[in-house]
Each structure stands twice: as structure tokens, then as C-alpha cells.
$ cat data_28.cif   # mmCIF, C-alpha atoms
data_coords
#
loop_
_atom_site.label_atom_id
_atom_site.label_comp_id
_atom_site.auth_asym_id
_atom_site.auth_seq_id
_atom_site.Cartn_x
_atom_site.Cartn_y
_atom_site.Cartn_z
CA MET A 69 11.52 -18.31 -22.03
CA ARG A 70 9.89 -16.26 -19.28
CA LEU A 71 9.17 -18.43 -16.23
CA ARG A 72 8.10 -15.64 -13.88
CA PRO A 73 4.47 -14.59 -14.50
CA ARG A 74 3.97 -10.94 -15.39
CA SER A 75 0.80 -10.57 -13.36
CA ILE A 76 0.92 -10.04 -9.60
CA ARG A 77 -2.27 -12.05 -9.42
CA ALA A 78 -0.66 -14.98 -11.23
CA ARG A 79 2.53 -14.76 -9.15
CA ASP A 80 0.61 -14.72 -5.86
CA THR A 81 -1.53 -17.63 -7.04
CA LEU A 82 1.55 -19.64 -8.04
CA ILE A 83 3.24 -18.93 -4.71
CA ALA A 84 0.07 -19.89 -2.82
CA ALA A 85 -0.20 -23.13 -4.80
CA VAL A 86 3.43 -24.07 -4.15
CA LEU A 87 3.20 -23.26 -0.44
CA ALA A 88 -0.09 -25.14 -0.15
CA ALA A 89 1.45 -28.15 -1.90
CA LEU A 90 4.41 -28.10 0.49
CA VAL A 91 2.25 -27.71 3.59
CA PHE A 92 -0.40 -30.23 2.60
CA GLY A 93 2.29 -32.56 1.28
CA GLY A 94 4.02 -32.49 4.65
CA ILE A 95 0.70 -33.13 6.38
CA ALA A 96 -0.01 -36.02 3.99
CA VAL A 97 3.36 -37.60 4.77
CA GLY A 98 2.63 -37.29 8.46
CA VAL A 99 -0.87 -38.78 8.05
CA ASP A 100 0.53 -41.67 5.99
CA TYR A 101 3.15 -42.40 8.62
CA ALA A 102 0.61 -42.15 11.44
CA ILE A 103 -1.87 -44.48 9.72
CA ARG A 104 0.81 -47.06 8.94
CA ALA A 105 2.18 -46.89 12.49
CA ALA A 106 -1.29 -47.25 14.03
CA VAL A 107 -2.30 -50.15 11.75
CA GLY A 108 1.07 -51.84 12.26
CA ALA A 109 0.78 -51.56 16.02
CA ARG A 110 -2.73 -53.03 15.89
CA LEU A 111 -1.64 -55.94 13.71
CA LEU A 112 1.37 -56.61 15.93
CA GLU A 113 -0.81 -56.64 19.01
CA ASP A 114 -3.26 -59.12 17.47
CA THR A 115 -0.53 -61.47 16.20
CA GLN A 116 1.40 -61.31 19.49
CA LEU A 117 -1.64 -62.28 21.54
CA ALA A 118 -2.53 -65.18 19.21
CA ALA A 119 1.04 -66.48 18.93
CA ARG A 120 1.74 -66.33 22.66
CA ARG A 121 -1.54 -68.05 23.48
CA VAL A 122 -0.74 -70.95 21.15
CA SER A 123 2.92 -71.06 22.29
CA ALA A 124 1.79 -71.39 25.88
CA SER A 125 -0.60 -74.20 24.93
CA VAL A 126 2.22 -76.04 23.15
CA ARG A 127 4.52 -75.73 26.15
CA ASP A 128 2.01 -76.97 28.69
CA GLY A 129 0.89 -79.85 26.40
CA SER A 130 -2.73 -78.75 26.12
CA LEU A 131 -2.47 -78.46 22.32
CA THR A 132 -2.13 -81.98 20.90
CA GLY A 133 -4.08 -82.16 17.63
CA PRO A 134 -3.44 -80.60 14.24
CA ASN A 135 -6.47 -78.38 14.54
CA ILE A 136 -5.82 -75.16 16.45
CA PRO A 137 -8.92 -73.33 17.69
CA ASP A 138 -9.28 -69.89 16.10
CA GLU A 139 -10.37 -67.36 18.67
CA SER A 140 -9.93 -64.43 16.22
CA GLY A 141 -12.62 -65.69 13.86
CA GLY A 142 -10.29 -66.00 10.85
CA PRO A 143 -8.24 -62.79 10.44
CA VAL A 144 -5.22 -64.20 12.31
CA LEU A 145 -3.52 -67.19 10.68
CA ILE A 146 -1.73 -69.50 13.15
CA GLN A 147 0.62 -72.37 12.40
CA VAL A 148 2.77 -74.69 14.53
CA VAL A 149 5.80 -75.71 12.46
CA ALA A 150 8.41 -78.36 13.24
CA PRO A 151 12.07 -78.13 12.22
CA GLY A 152 12.34 -78.71 8.52
CA GLY A 153 9.24 -76.70 7.70
CA ARG A 154 6.57 -79.39 8.41
CA VAL A 155 3.29 -77.86 9.59
CA LEU A 156 2.10 -79.78 12.68
CA GLY A 157 -1.06 -77.76 13.32
CA ALA A 158 -2.95 -74.75 12.05
CA THR A 159 -6.13 -72.78 12.42
CA PRO A 160 -8.80 -73.48 9.80
CA ALA A 161 -7.87 -70.36 7.81
CA ALA A 162 -4.18 -71.41 7.68
CA SER A 163 -4.73 -75.15 7.15
CA GLY A 164 -3.21 -76.60 3.98
CA ARG A 165 -0.90 -73.64 3.42
CA PRO A 166 2.88 -73.62 3.49
CA PRO A 167 4.58 -71.97 6.47
CA LEU A 168 3.85 -68.26 6.67
CA THR A 169 7.60 -67.51 6.57
CA THR A 170 10.90 -69.31 6.27
CA LEU A 171 12.40 -67.35 9.09
CA TRP A 172 13.49 -69.63 11.97
CA PRO A 173 14.34 -67.98 15.31
CA SER A 174 17.46 -68.99 17.21
CA ARG A 175 17.59 -70.10 20.80
CA ASP A 176 19.08 -66.72 21.80
CA LYS A 177 16.33 -64.72 20.15
CA ARG A 178 13.15 -66.72 20.43
CA ILE A 179 10.63 -63.99 19.42
CA LEU A 180 10.69 -62.15 16.11
CA ASP A 181 8.34 -59.61 14.48
CA LEU A 182 8.36 -58.94 10.74
CA VAL A 183 6.36 -57.98 7.69
CA GLU A 184 6.65 -60.17 4.61
CA CYS A 185 5.36 -59.49 1.11
CA ASP A 186 6.74 -62.56 -0.58
CA GLY A 187 3.51 -63.99 -1.89
CA ARG A 188 3.04 -66.53 0.89
CA GLY A 189 0.04 -64.72 2.28
CA PRO A 190 -3.46 -64.96 0.80
CA GLY A 191 -3.56 -63.38 -2.62
CA GLY A 192 0.08 -62.45 -2.36
CA SER A 193 -0.61 -59.61 0.06
CA CYS A 194 1.75 -58.42 2.75
CA MET A 195 1.40 -59.88 6.22
CA ALA A 196 2.48 -58.91 9.71
CA ILE A 197 3.95 -62.03 11.34
CA GLU A 198 4.85 -62.90 14.94
CA VAL A 199 7.38 -65.78 15.26
CA ILE A 200 7.85 -67.55 18.64
CA ARG A 201 10.20 -70.45 19.34
CA THR A 202 8.42 -72.38 22.09
CA THR A 203 11.56 -73.71 23.86
CA THR A 204 15.32 -73.56 23.61
CA ALA A 205 15.55 -77.27 22.74
CA PRO A 206 17.17 -78.04 19.37
CA ASP A 207 13.99 -79.74 18.12
CA SER A 208 11.66 -77.03 19.42
CA VAL A 209 8.67 -76.20 17.30
CA VAL A 210 7.90 -72.64 16.16
CA VAL A 211 4.56 -70.86 16.29
CA TYR A 212 3.74 -68.53 13.39
CA ALA A 213 0.91 -66.03 13.74
CA GLY A 214 0.18 -63.74 10.83
CA LYS A 215 -2.45 -61.22 9.88
CA PRO A 216 -2.78 -59.77 6.36
CA MET A 217 -2.23 -56.06 6.08
CA PRO A 218 -5.08 -53.96 4.60
CA SER A 219 -4.81 -53.71 0.83
CA ILE A 220 -4.93 -49.90 1.01
CA LEU A 221 -1.51 -50.02 2.70
CA VAL A 222 -0.05 -52.64 0.42
CA THR A 223 -1.14 -51.47 -3.02
CA GLY A 224 -0.20 -47.79 -2.50
CA LEU A 225 -3.85 -46.74 -2.58
CA LEU A 226 -3.38 -44.76 0.65
CA GLU A 227 -0.57 -42.70 -0.86
CA LEU A 228 -2.61 -42.21 -4.04
CA LEU A 229 -5.58 -40.91 -2.06
CA LEU A 230 -3.38 -38.66 0.04
CA GLY A 231 -1.64 -37.32 -3.08
CA LEU A 232 -5.00 -36.64 -4.70
CA ALA A 233 -6.11 -34.81 -1.56
CA VAL A 234 -2.93 -32.69 -1.66
CA VAL A 235 -3.56 -31.79 -5.31
CA LEU A 236 -7.21 -30.89 -4.66
CA LEU A 237 -6.43 -28.82 -1.57
CA SER A 238 -3.58 -27.02 -3.35
CA ALA A 239 -5.88 -26.29 -6.29
CA ALA A 240 -8.51 -24.97 -3.88
CA ALA A 241 -5.93 -22.75 -2.19
CA ALA A 242 -4.79 -21.46 -5.60
CA SER A 243 -8.38 -20.79 -6.66
CA ILE A 244 -9.18 -18.93 -3.45
CA THR A 245 -5.97 -16.90 -3.78
CA TRP A 246 -6.78 -16.09 -7.42
CA ARG A 247 -10.20 -14.77 -6.45
CA ILE A 248 -9.07 -12.86 -3.36
CA VAL A 249 -6.11 -11.23 -5.11
CA GLY A 250 -8.30 -10.42 -8.11
CA ARG A 251 -10.90 -8.79 -5.86
CA THR A 252 -8.16 -6.93 -3.99
CA LEU A 253 -6.49 -5.68 -7.18
CA ARG A 254 -9.73 -4.73 -8.93
CA PRO A 255 -9.56 -1.13 -7.56
CA VAL A 256 -5.94 -0.94 -8.77
CA GLU A 257 -7.07 -1.89 -12.27
CA GLN A 258 -9.80 0.75 -12.10
CA ILE A 259 -7.22 3.32 -10.99
CA ARG A 260 -4.89 2.30 -13.83
CA ALA A 261 -7.67 2.47 -16.42
CA GLN A 262 -8.78 5.89 -15.21
CA LEU A 263 -5.22 7.23 -15.19
CA ALA A 264 -4.73 5.92 -18.74
CA GLU A 265 -7.75 7.95 -19.89
CA ILE A 266 -6.61 11.20 -18.25
CA SER A 267 -4.90 13.49 -20.73
CA ALA A 268 -3.20 16.87 -20.47
CA SER A 269 -6.27 18.49 -22.04
CA ASP A 270 -8.56 17.22 -19.27
CA LEU A 271 -7.04 16.95 -15.82
CA SER A 272 -10.32 17.35 -13.96
CA ARG A 273 -11.03 13.60 -13.82
CA ARG A 274 -10.13 11.62 -10.71
CA VAL A 275 -9.55 7.96 -9.97
CA PRO A 276 -12.14 6.08 -7.90
CA GLU A 277 -11.32 5.95 -4.18
CA PRO A 278 -12.27 2.64 -2.52
CA PRO A 279 -13.53 2.84 1.07
CA GLY A 280 -11.29 1.99 3.98
CA GLU A 281 -7.79 2.90 5.11
CA ASP A 282 -5.77 0.17 3.40
CA GLU A 283 -2.85 0.61 1.01
CA ILE A 284 -5.00 0.69 -2.13
CA ALA A 285 -7.27 3.38 -0.68
CA GLU A 286 -4.18 5.39 0.27
CA LEU A 287 -2.84 4.89 -3.27
CA ALA A 288 -6.07 6.22 -4.77
CA ARG A 289 -6.09 9.24 -2.45
CA THR A 290 -2.44 9.95 -3.19
CA ALA A 291 -3.09 9.67 -6.94
CA ASN A 292 -5.98 12.13 -6.67
CA GLN A 293 -3.88 14.52 -4.60
CA THR A 294 -1.15 14.30 -7.23
CA LEU A 295 -3.72 14.99 -9.95
CA ASP A 296 -4.98 17.99 -7.95
CA ARG A 297 -1.45 19.40 -7.77
CA LEU A 298 -0.86 18.65 -11.46
CA GLU A 299 -4.12 20.31 -12.44
CA ARG A 300 -3.27 23.40 -10.40
CA ALA A 301 0.23 23.51 -11.89
CA VAL A 302 -1.09 23.21 -15.44
CA ALA A 303 -3.74 25.83 -14.69
CA ARG A 304 -1.03 28.16 -13.38
CA GLN A 305 1.03 27.53 -16.49
CA ARG A 306 -1.88 28.27 -18.78
CA GLN A 307 -2.82 31.32 -16.75
CA PHE A 308 0.77 32.52 -16.93
CA ALA A 309 0.83 32.11 -20.72
CA SER A 310 -2.53 33.87 -21.06
CA ASP A 311 -1.61 36.75 -18.74
CA ALA A 312 1.81 37.18 -20.28
CA SER A 313 0.48 37.25 -23.84
CA HIS A 314 -2.26 39.71 -22.87
CA GLU A 315 -0.53 42.10 -20.48
CA LEU A 316 2.93 42.21 -22.04
CA ARG A 317 1.57 43.20 -25.43
CA THR A 318 0.78 46.84 -24.47
CA PRO A 319 4.13 47.84 -22.90
CA ILE A 320 6.04 45.99 -25.60
CA ALA A 321 4.01 47.78 -28.30
CA GLY A 322 4.59 51.16 -26.63
CA LEU A 323 8.31 50.49 -26.24
CA ARG A 324 8.59 49.39 -29.85
CA ALA A 325 6.63 52.43 -31.10
CA ASN A 326 8.89 54.86 -29.21
CA LEU A 327 12.05 53.18 -30.42
CA GLU A 328 10.85 53.00 -34.01
CA ASP A 329 9.84 56.67 -33.94
CA ALA A 330 13.25 57.62 -32.56
CA SER A 331 14.93 55.50 -35.21
CA MET A 332 12.91 56.99 -38.09
CA HIS A 333 13.12 60.62 -36.95
CA PRO A 334 16.30 60.96 -34.95
CA ASP A 335 16.53 64.69 -35.49
CA ASP A 336 12.98 65.36 -34.27
CA THR A 337 13.18 63.03 -31.26
CA ASP A 338 13.71 64.06 -27.65
CA LEU A 339 16.33 61.43 -26.91
CA GLU A 340 16.22 61.96 -23.14
CA GLY A 341 12.43 61.69 -23.05
CA THR A 342 12.48 58.64 -25.28
CA VAL A 343 14.99 56.91 -23.03
CA ARG A 344 12.95 57.73 -19.91
CA SER A 345 9.80 56.38 -21.58
CA ALA A 346 11.62 53.24 -22.66
CA LEU A 347 12.95 52.70 -19.13
CA ARG A 348 9.45 53.11 -17.69
CA ASP A 349 8.09 50.52 -20.13
CA THR A 350 11.01 48.23 -19.33
CA ASP A 351 10.40 48.59 -15.60
CA ARG A 352 6.74 47.75 -16.11
CA LEU A 353 7.65 44.71 -18.20
CA GLU A 354 10.05 43.55 -15.50
CA SER A 355 7.41 44.03 -12.77
CA ILE A 356 4.78 42.14 -14.72
CA VAL A 357 7.11 39.24 -15.52
CA THR A 358 8.35 39.08 -11.91
CA ASP A 359 4.80 39.02 -10.54
CA LEU A 360 3.64 36.44 -13.07
CA LEU A 361 6.56 34.17 -12.24
CA LEU A 362 5.82 34.54 -8.55
CA LEU A 363 2.18 33.59 -9.16
CA ALA A 364 3.34 30.51 -11.07
CA ARG A 365 5.66 29.46 -8.22
CA ILE A 366 3.32 30.01 -5.26
CA GLY A 367 2.38 26.72 -3.62
CA THR A 368 4.95 24.70 -5.57
CA GLY A 369 7.86 25.07 -3.14
CA ALA A 370 9.37 22.10 -1.35
CA PRO A 371 8.18 21.38 2.22
CA GLY A 372 11.67 22.18 3.45
CA ALA A 373 11.16 25.84 2.51
CA GLU A 374 8.55 26.19 5.27
CA GLU A 375 9.40 27.23 8.81
CA ASP A 376 7.73 28.33 12.03
CA ILE A 377 7.17 32.09 11.87
CA ASP A 378 6.29 34.54 14.63
CA LEU A 379 3.80 36.55 12.61
CA GLY A 380 3.84 39.59 14.92
CA VAL A 381 7.63 39.84 14.98
CA LEU A 382 7.86 39.39 11.20
CA ALA A 383 5.27 42.09 10.52
CA GLU A 384 6.91 44.51 12.98
CA THR A 385 10.33 43.95 11.41
CA GLU A 386 9.10 44.44 7.85
CA ILE A 387 7.13 47.60 8.72
CA ALA A 388 10.13 49.05 10.56
CA ARG A 389 12.47 48.74 7.59
CA ARG A 390 9.88 49.82 5.05
CA PRO A 391 10.29 53.41 3.77
CA SER A 392 6.79 54.86 4.05
CA LEU A 393 5.24 58.33 4.22
CA LEU A 394 2.17 56.91 5.96
CA ALA A 395 1.50 56.85 9.66
CA ILE A 396 1.34 53.14 10.45
CA ASP A 397 -0.27 52.23 13.77
CA THR A 398 0.60 48.66 14.85
CA ARG A 399 -0.80 46.25 17.42
CA LEU A 400 1.36 43.19 16.87
CA PRO A 401 1.74 40.98 19.96
CA PRO A 402 4.59 38.44 19.75
CA GLY A 403 4.19 34.69 20.23
CA ILE A 404 1.57 34.03 17.56
CA LEU A 405 3.20 31.38 15.38
CA VAL A 406 2.26 30.18 11.90
CA ARG A 407 3.86 27.73 9.49
CA GLY A 408 4.89 29.00 6.08
CA VAL A 409 7.46 30.29 3.61
CA ARG A 410 8.90 33.47 5.12
CA MET A 411 9.56 35.35 1.88
CA GLN A 412 6.04 34.70 0.63
CA ILE A 413 4.46 35.95 3.87
CA VAL A 414 6.67 39.07 3.60
CA ARG A 415 5.51 39.60 0.01
CA LEU A 416 1.86 39.23 1.07
CA LEU A 417 2.26 41.86 3.80
CA ALA A 418 4.16 44.18 1.43
CA ASN A 419 1.39 43.95 -1.18
CA LEU A 420 -1.26 44.84 1.39
CA LEU A 421 0.78 47.82 2.61
CA ASP A 422 1.44 48.92 -1.00
CA ASN A 423 -2.29 48.85 -1.65
CA ALA A 424 -2.94 50.88 1.52
CA GLU A 425 -0.32 53.46 0.54
CA ARG A 426 -1.65 53.71 -3.00
CA TYR A 427 -5.34 54.14 -2.12
CA GLY A 428 -5.32 55.22 1.53
CA GLY A 429 -5.64 58.72 2.89
CA GLY A 430 -2.45 58.74 4.90
CA LYS A 431 -3.04 56.47 7.89
CA VAL A 432 -2.77 52.67 8.11
CA GLU A 433 -3.49 50.32 11.00
CA VAL A 434 -1.93 46.83 11.21
CA ALA A 435 -3.26 44.53 13.97
CA LEU A 436 -2.78 40.89 14.89
CA GLN A 437 -4.83 38.71 17.21
CA ARG A 438 -5.52 35.10 18.10
CA ASN A 439 -8.87 33.73 17.00
CA GLY A 440 -9.21 30.13 18.17
CA ALA A 441 -6.97 27.96 16.02
CA THR A 442 -6.16 30.79 13.61
CA ALA A 443 -4.15 34.01 13.55
CA ASP A 444 -5.95 37.06 12.12
CA LEU A 445 -3.83 39.89 10.67
CA THR A 446 -5.72 43.01 9.54
CA VAL A 447 -4.47 45.92 7.42
CA THR A 448 -6.85 48.88 7.50
CA ASP A 449 -6.52 52.14 5.55
CA ASP A 450 -8.55 55.37 5.65
CA GLY A 451 -9.14 55.59 1.90
CA PRO A 452 -12.42 55.72 -0.01
CA GLY A 453 -13.10 52.04 0.52
CA ILE A 454 -14.22 49.34 -1.90
CA PRO A 455 -17.89 48.74 -2.75
CA GLU A 456 -19.18 45.39 -1.54
CA ALA A 457 -19.99 44.30 -5.11
CA ASP A 458 -16.31 44.71 -6.09
CA ARG A 459 -14.70 43.06 -3.04
CA GLU A 460 -14.07 39.77 -4.82
CA ARG A 461 -13.26 41.30 -8.18
CA VAL A 462 -10.24 43.19 -6.81
CA PHE A 463 -8.52 39.83 -6.19
CA GLN A 464 -8.69 38.92 -9.87
CA ARG A 465 -5.59 39.40 -11.98
CA PHE A 466 -5.06 42.75 -13.67
CA THR A 467 -8.20 44.22 -12.08
CA ARG A 468 -8.25 47.98 -11.41
CA LEU A 469 -11.36 49.64 -10.10
CA ASP A 470 -10.17 53.16 -11.01
CA THR A 471 -10.39 53.06 -14.81
CA ALA A 472 -9.15 56.62 -15.06
CA ARG A 473 -5.92 55.68 -13.35
CA SER A 474 -3.06 54.89 -15.68
CA ARG A 475 -1.51 51.47 -15.68
CA GLY A 476 1.77 52.96 -14.74
CA ALA A 477 0.42 54.64 -11.62
CA GLY A 478 -1.83 51.78 -10.71
CA GLY A 479 0.81 49.03 -10.56
CA THR A 480 0.66 45.75 -12.42
CA GLY A 481 -2.79 44.79 -11.13
CA LEU A 482 -1.37 41.56 -9.65
CA GLY A 483 -0.64 42.59 -6.06
CA LEU A 484 -3.90 41.47 -4.43
CA ALA A 485 -4.08 38.37 -6.62
CA ILE A 486 -0.59 37.40 -5.42
CA ALA A 487 -1.55 38.12 -1.81
CA ARG A 488 -4.61 35.85 -1.97
CA GLU A 489 -2.70 33.08 -3.75
CA ILE A 490 -0.07 33.15 -0.98
CA ALA A 491 -2.75 33.03 1.71
CA GLN A 492 -4.49 30.06 0.09
CA ALA A 493 -1.19 28.24 -0.47
CA HIS A 494 -0.64 28.45 3.30
CA GLY A 495 -4.08 27.06 4.10
CA GLY A 496 -5.55 30.46 4.94
CA THR A 497 -7.81 33.12 3.47
CA LEU A 498 -7.61 36.79 2.50
CA LYS A 499 -10.79 38.85 2.28
CA ILE A 500 -12.15 42.36 2.66
CA ASP A 501 -14.24 42.94 5.80
CA ASP A 502 -16.80 45.61 6.56
CA HIS A 503 -15.34 48.74 8.11
CA PRO A 504 -16.89 52.14 8.87
CA ALA A 505 -14.30 54.01 6.81
CA GLY A 506 -11.64 52.93 4.37
CA THR A 507 -10.78 49.32 3.52
CA ARG A 508 -9.88 46.48 5.88
CA PHE A 509 -8.06 43.40 4.55
CA THR A 510 -8.15 40.38 6.90
CA LEU A 511 -5.55 37.63 6.55
CA THR A 512 -6.42 34.38 8.37
CA LEU A 513 -3.75 31.68 8.75
CA PRO A 514 -3.70 28.39 10.74
CA ARG A 515 -2.00 29.05 14.05
CA LEU A 516 0.55 26.71 15.59
CA PRO A 517 -0.29 25.58 19.13
#

$ encode --input "data_28.cif" --output "C-alpha cells"
Amino acid sequence: MRLRPRSIRARDTLIAAVLAALVFGGIAVGVDYAIRAAVGARLLEDTQLAARRVSASVRDGSLTGPNIPDESGGPVLIQVVAPGGRVLGATPAASGRPPLTTLWPSRDKRILDLVECDGRGPGGSCMAIEVIRTTTAPDSVVVYAGKPMPSILVTGLLELLLGLAVVLLSAAAASITWRIVGRTLRPVEQIRAQLAEISASDLSRRVPEPPGEDEIAELARTANQTLDRLERAVARQRQFASDASHELRTPIAGLRANLEDASMHPDDTDLEGTVRSALRDTDRLESIVTDLLLLARIGTGAPGAEEDIDLGVLAETEIARRPSLLAIDTRLPPGILVRGVRMQIVRLLANLLDNAERYGGGKVEVALQRNGATADLTVTDDGPGIPEADRERVFQRFTRLDTARSRGAGGTGLGLAIAREIAQAHGGTLKIDDHPAGTRFTLTLPRLP
């Protein structure tokens, strides 16, 4: 049998009810004790005053008759009792009744206080009694003064009322907790329901984000950020599958055709030429697969792969060890730091330089400067330039503006797409700016202070 509720709402409500019962129960016990102590002290005070007044009258001889004047108006019962239990005098309310108690004080302890519930009081109720032995003589009379206790204290009605109050207050605390926790968890239920409806075929939906900065709002924002990353990852996977199936078909078909031709006509085949053609197709396949895998991995690396990079020093180092026939003019001041994955930044710079070498006229300029909170790196060539209408299209995958150029000479068509993906994964941008001659690529990355 499961005793622990499954629902957080139910568990919190149960805990609140138990705690409320303990707290209010403790308060009820304290209230009961305080009420009984206060009432008992009041009764004792009234009986003491009445008993001592009558005891003094007996000692000084001013009280001689059986009728004792009642100054309390009836609530306090007073009796003067002789040894043996004979009532010598009483107030009107106590007249004709047996002694209020059988307790007889000794000469050493002449005054006694007690509460008796033995049925001797009116209606069998409990009574607070003050007992005073008037003298130390063996035949001394005893004065009894008693006052009935309120029925609410005798019958247990006070405890019943306090217990009922504890139950009602605990139920109120449980009800309030149920409502508050339900209202608090309502956004969580909405998030759960929305997540349950999201499928792999539609990752564009997002969970509702409640206002505020509390834990549930942070949960919703984190869930949406996770969905963003998942959607991008799935999109990359689908793009990879689409690109691979589309772009790998041509070199594979060419490679297969050459090999089949060589196999069917071995005597008429230029073996050396066939091998060179096969190697070229294999190299192209390897380049395409490598670039596609890189595109699929960009932005998915662990945060630990990032480091602080001096962009000027990195660019200078990579240009220096790069075998190039171009004249590369550099203006790369040190001390401009960015945060990123070093190998990806190197690949971005290499792709821009490859593009400049492929389409430039022979001269390239690489410059770096601070621009507020960003670092701007420009790569400018002296080639024919790119028309403004095509400046965004060149960043699409497998885009080549020169249709007459062969695929083999024109690369895989993924270089600029990879460069932009790397820039965006680092929180930056890569675009083509206006320039009087040639093409200028501008890389903008967040700069570290």
C-alpha cells in the first residue's frame, strides 16, 4: 500500500496539515492550561477571602447563629463544621447540605486548598474548596468555603472546543496550501503538457514562459533554450543528410562510372589516368564529408573547449605559416581578445583566405580593429567583387556564382557557409561590405574587456 502521495501538491498539503495540527495543537494545549490556571486562581481567591472572613468572625465570637451572611451573593458556599461532621452554620446557598468535603485539617496544617469532584457539590460538579481550621484546639471548628467550577472546565467542553478549533484551522491551512501550491504548479503542468505534445517532426513549438524570475520561470526559459538547441541540432542533422545525399551523388557516380569502364574495357583503359581521376573524386568526396561533418558539429562543442583568444596574434600566426602566392598585407594589433574555440576561428580565417586566393587578383589585406564592444576583422581581396544581389546567396551551401567553373576547381561550395556558421556560433556575424574594388568580408565578434 502506497502511503506517500504521488502528487507534490498532495504531499505539500499533507505536510502543511500535519504541521498546522502540531502547531495549533500546541497552542490549544497552552490555551487550555492558561484558562484553567486563570479560572483556578480566580476561584481560589474568592474562596480564600470568604473562608478567612468567616474564620475571623468565628474566632472573635461575632458569628453566633447558624445563618452566615453571604456577601458573594450565592456563588460561594460557606459552612462552619464541628468535629464529627455536624454543620453548625452555613450561607443560604449551602444550608441543608452535607459538608462540602470530608477533609479535616490538622493542627500543624490549618489551611488547605483542593478541588473535589465527588458529587458533593451542586449537580455533582467539581468545586474549588478552601478549608481553614479556626484554632489549634482539639475541638476547633472548620470553615469550608467552596465555589463550583464552570461546567465548561468540568465536562471537557473546553477541550472539545479547542480540538474543534485545531481541526478547523488545520483544514484551513491545508486548503490554503492546496490552492497556493496548485496555483504555483499550474505553469509546470502547462510546461509538461506542451512538452508532451512536442514531437520530433515539429520542434518549433515552445513552452509558455511565466513572468518573473522565480524557479518555474527559469525552468521554462531553460526548457525553451534546450528546445532551441535541439531544434538546431535536428536541423543540422537533416541538412547534413540532405546535403550528403545531394552532393555526394555526383562524385560517387563519376567514380563508379570510371571504375566500371576500366573493369569492362581493361585493354582500352588508360590505367594511370583512371587512377588519377578516381583519386580526384575520392579527394572531393573526403572534402565534402569533412566539411559537412564540421558544419554538423559547429556550435555543439562543450563550453570547456572555449578559451580566451588574442585575435590579432592568432591571425598573424596562421597567415605566417600559410603557404600562399598572394601578397598579404596585415594590420593586426595585439591585445584584442575574443572568447571562442581556437580551431574553429582558425578554420574561419582559412576559409576567408582560401576564397581570397581563389577569386582575388593577387593581393589580400587583413585588418583588425576595435569597434566598441566588438572586434572587427576584415579580409579584402582585389578580385572582381560580388554583386550586391548575390552577397547573401554566397553564404548558402554549395553556392557557386561562376557557373562555368568546374566543381573541382571551385571547391566544395561549403567554405563561406562554414565561416558564417562559425561566426554565428560565437555570437558574431560575417557579411560582405561595400568596397571600391574587390570583395571585403567583415567578421564581427564580441570582444572581451

$ closest_residue --input "data_28.cif" --among "A:Pro504, A:Tyr101, A:Pro137, A:Ala239" --to "A:Ile83" --atoms "all atoms listed in the file"
A:Ala239

$ resolve_selection --input "data_28.cif" --expression "the PyMOL selection byres ((chain A and resi 134) around 7)" --output "ChimeraX atom specification"
/A:132-133,135-136,156-158

$ resolve_selection --input "data_28.cif" --expression "the PyMOL selection byres ((chain A and resi 172) around 12)" --output "MDAnalysis selection string"
chainID A and resid 149:153 167:171 173:182 198:202 206:212

$ axis_aligned_box --input "data_28.cif" --around "stretch 252-258 of chain A" --padding-each-side "8 Å" --output "lines of an AutoDock Vina configuration file"
center_x = -7.9
center_y = -3.1
center_z = -8.1
size_x = 19.9
size_y = 23.7
size_z = 24.3

$ atom_distance --input "data_28.cif" --atom1 "atom CA of A:Phe92" --atom2 "atom CA of A:Ala240"
11.6 Å

$ residues_around --input "data_28.cif" --residues "stretch 435-439 of chain A" --least-positions-apart "2" --cutoff "12 Å" --atoms "all atoms listed in the file" --output "PyMOL selection string"
chain A and resi 378-384+396-406+417+432-433+441-449+508-517

$ closest_residue --input "data_28.cif" --among "A:Val91, A:Val155, A:Ile197, A:Ile454" --to "A:Glu113" --atoms "all atoms listed in the file"
A:Ile197

$ resolve_selection --input "data_28.cif" --expression "the PyMOL selection byres ((chain A and resi 107) around 12)" --output "VMD selection string"
chain A and resid 100 to 106 108 to 114 195 to 196 215 to 222

$ residues_around --input "data_28.cif" --residues "A:Pro391" --least-positions-apart "6" --cutoff "12 Å" --atoms "only C-alpha atoms" --output "NGL selection string"
:A and (418 or 421-422 or 425)

$ atom_distance --input "data_28.cif" --atom1 "atom CA of A:Val234" --atom2 "atom CA of A:Leu90"
8.9 Å

$ atom_distance --input "data_28.cif" --atom1 "atom CA of A:Ile356" --atom2 "atom CA of A:Leu482"
8.0 Å

$ residues_around --input "data_28.cif" --residues "stretch 327-331 of chain A" --least-positions-apart "5" --cutoff "12 Å" --atoms "only C-alpha atoms" --output "ChimeraX atom specification"
/A:320-322,336-347,349

$ closest_residue --input "data_28.cif" --among "A:Ala485, A:Val414, A:Ile490, A:Val409" --to "A:Glu460" --atoms "all atoms listed in the file"
A:Ala485

$ closest_residue --input "data_28.cif" --among "A:Thr497, A:Glu283, A:Leu271, A:Asp376" --to "A:Glu299" --atoms "all atoms listed in the file"
A:Leu271

$ residues_around --input "data_28.cif" --residues "stretch 257-270 of chain A" --least-positions-apart "3" --cutoff "10 Å" --atoms "only C-alpha atoms" --output "VMD selection string"
chain A and resid 250 252 to 254 273 to 278 284 287 to 288 291 to 292 295 298 to 299 302

$ write_last_selection --input "data_28.cif" --atoms "C-alpha atoms" --output "mmCIF file, in the frame of the given file"
data_model
loop_
_atom_site.group_PDB
_atom_site.id
_atom_site.type_symbol
_atom_site.label_atom_id
_atom_site.label_comp_id
_atom_site.auth_asym_id
_atom_site.auth_seq_id
_atom_site.Cartn_x
_atom_site.Cartn_y
_atom_site.Cartn_z
ATOM 1 C CA GLY A 250 -8.300 -10.420 -8.110
ATOM 2 C CA THR A 252 -8.160 -6.930 -3.990
ATOM 3 C CA LEU A 253 -6.490 -5.680 -7.180
ATOM 4 C CA ARG A 254 -9.730 -4.730 -8.930
ATOM 5 C CA ARG A 273 -11.030 13.600 -13.820
ATOM 6 C CA ARG A 274 -10.130 11.620 -10.710
ATOM 7 C CA VAL A 275 -9.550 7.960 -9.970
ATOM 8 C CA PRO A 276 -12.140 6.080 -7.900
ATOM 9 C CA GLU A 277 -11.320 5.950 -4.180
ATOM 10 C CA PRO A 278 -12.270 2.640 -2.520
ATOM 11 C CA ILE A 284 -5.000 0.690 -2.130
ATOM 12 C CA LEU A 287 -2.840 4.890 -3.270
ATOM 13 C CA ALA A 288 -6.070 6.220 -4.770
ATOM 14 C CA ALA A 291 -3.090 9.670 -6.940
ATOM 15 C CA ASN A 292 -5.980 12.130 -6.670
ATOM 16 C CA LEU A 295 -3.720 14.990 -9.950
ATOM 17 C CA LEU A 298 -0.860 18.650 -11.460
ATOM 18 C CA GLU A 299 -4.120 20.310 -12.440
ATOM 19 C CA VAL A 302 -1.090 23.210 -15.440
#

$ closest_residue --input "data_28.cif" --among "A:Thr294, A:Thr507, A:Thr358, A:Leu230" --to "A:Gly98" --atoms "all atoms listed in the file"
A:Leu230

$ closest_residue --input "data_28.cif" --among "A:Leu394, A:Leu232, A:Ala124, A:Ile248" --to "A:Arg426" --atoms "all atoms listed in the file"
A:Leu394
